[in-house]
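Read the structure below first, then the notes.
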Amino acid sequence: LRTGVTLVGRDAQAVQGGLAIDREDLAPAHAFLFHRDGRTWILDLDSPAGTWVNTQRLPPFTGKELRDQDVVRLGGLVVRFRAVSESTP
């Protein structure tokens, strides 16, 4: 993810640049990943299963800045966020 906004969810392929993940526990439009001021943020789109950063469930439509090594949970999918510099190819 370099610039702009990325929709994450079961039906995200319907949006150009979306990230579709075929999992029943993900909402069709689960969360947005976006960049602001050189940082990466995640925003839950009021998904039933929720979006979590580390141990904190995000309130719907509230952004949270992601930091290197944060654990992100979208429904039952758990991933670790890795920050890279702008110069990384």
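We name chains A, B, ... following the order of the structure tokens; residues begin at 1 in each chain, and ligands are numbered from 1 as shown.
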
Which residues are close to Ala27 in chain A, i.e. within 6 Å by only C-alpha atoms, leaving aside same-chain residues fewer than 4 positions away? Reply as a PDB file with N, CA, C and O atoms, in the first residue's frame.
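Output file part22.pdb follows:
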ATOM      1  N   GLY A   9     -12.246  -6.150   2.110  1.00  0.00           N
ATOM      2  CA  GLY A   9     -13.472  -6.869   2.423  1.00  0.00           C
ATOM      3  C   GLY A   9     -13.723  -8.002   1.453  1.00  0.00           C
ATOM      4  O   GLY A   9     -12.934  -8.236   0.542  1.00  0.00           O
ATOM      5  N   ARG A  10     -14.832  -8.697   1.658  1.00  0.00           N
ATOM      6  CA  ARG A  10     -15.180  -9.822   0.781  1.00  0.00           C
ATOM      7  C   ARG A  10     -15.446  -9.380  -0.648  1.00  0.00           C
ATOM      8  O   ARG A  10     -15.144 -10.098  -1.591  1.00  0.00           O
ATOM      9  N   SER A  47     -18.294  -2.951  10.500  1.00  0.00           N
ATOM     10  CA  SER A  47     -18.371  -4.376  10.182  1.00  0.00           C
ATOM     11  C   SER A  47     -18.875  -5.155  11.397  1.00  0.00           C
ATOM     12  O   SER A  47     -18.506  -4.851  12.530  1.00  0.00           O
TER      13      SER A  47
END

Counting only C-alpha atoms, what is within 8 Å of range 66-72 of chain A, bar same-chain residues fewer than 6 positions away, as a ChimeraX atom specification?
-> /A:39-42,51-54,78-83

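If you measure from each of A:Leu19, A:Leu43, A:Ala49, A:Ala12 to Glu65 in chain A using only C-alpha atoms, the closest one turns out to be A:Leu43.
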
Select from range 3-88 of chain A everything DSSP, run on the backbone, classes as strand (DSSP E), then give the selection as an NGL selection string.
-> :A and (5-9 or 19-20 or 31-36 or 39-44 or 51-53 or 56-57 or 63-65 or 71-74 or 77-80)

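Closest approach to Leu58 in chain A among A:Leu26, A:Ala20, A:Val8, A:Leu74: A:Leu74, based on only C-alpha atoms.
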
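For the pair CA of Arg36 in chain A and CA of Arg23 in chain A, the interatomic distance is 28.1 Å.
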
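One distance worth recording is that between CA of Gln13 in chain A and CA of His30 in chain A, which is 12.4 Å.
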
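Shell of Asp46 in chain A at 8 Å, with only C-alpha atoms counted and residues fewer than 4 places along the chain excluded, is His30, Gly50, Pro59, Pro60 and Phe61 of chain A.
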
Next, dump the selected residues to file, keeping only N, CA and C atoms, as an mmCIF file, in the first residue's frame.
data_model
loop_
_atom_site.group_PDB
_atom_site.id
_atom_site.type_symbol
_atom_site.label_atom_id
_atom_site.label_comp_id
_atom_site.auth_asym_id
_atom_site.auth_seq_id
_atom_site.Cartn_x
_atom_site.Cartn_y
_atom_site.Cartn_z
ATOM 1 N N HIS A 30 -15.333 -4.121 4.648
ATOM 2 C CA HIS A 30 -14.998 -4.285 6.068
ATOM 3 C C HIS A 30 -14.263 -3.073 6.647
ATOM 4 N N GLY A 50 -16.059 -6.720 13.395
ATOM 5 C CA GLY A 50 -15.147 -5.733 13.948
ATOM 6 C C GLY A 50 -13.761 -5.718 13.341
ATOM 7 N N PRO A 59 -13.970 1.663 17.170
ATOM 8 C CA PRO A 59 -15.363 2.084 16.999
ATOM 9 C C PRO A 59 -15.634 2.279 15.503
ATOM 10 N N PRO A 60 -16.861 2.021 15.054
ATOM 11 C CA PRO A 60 -17.167 2.224 13.634
ATOM 12 C C PRO A 60 -16.836 3.640 13.172
ATOM 13 N N PHE A 61 -16.268 3.710 11.975
ATOM 14 C CA PHE A 61 -15.965 4.978 11.301
ATOM 15 C C PHE A 61 -14.992 5.850 12.075
#

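Interatomic distance, CA of Leu45 in chain A against CA of Gly75 in chain A: 12.2 Å.
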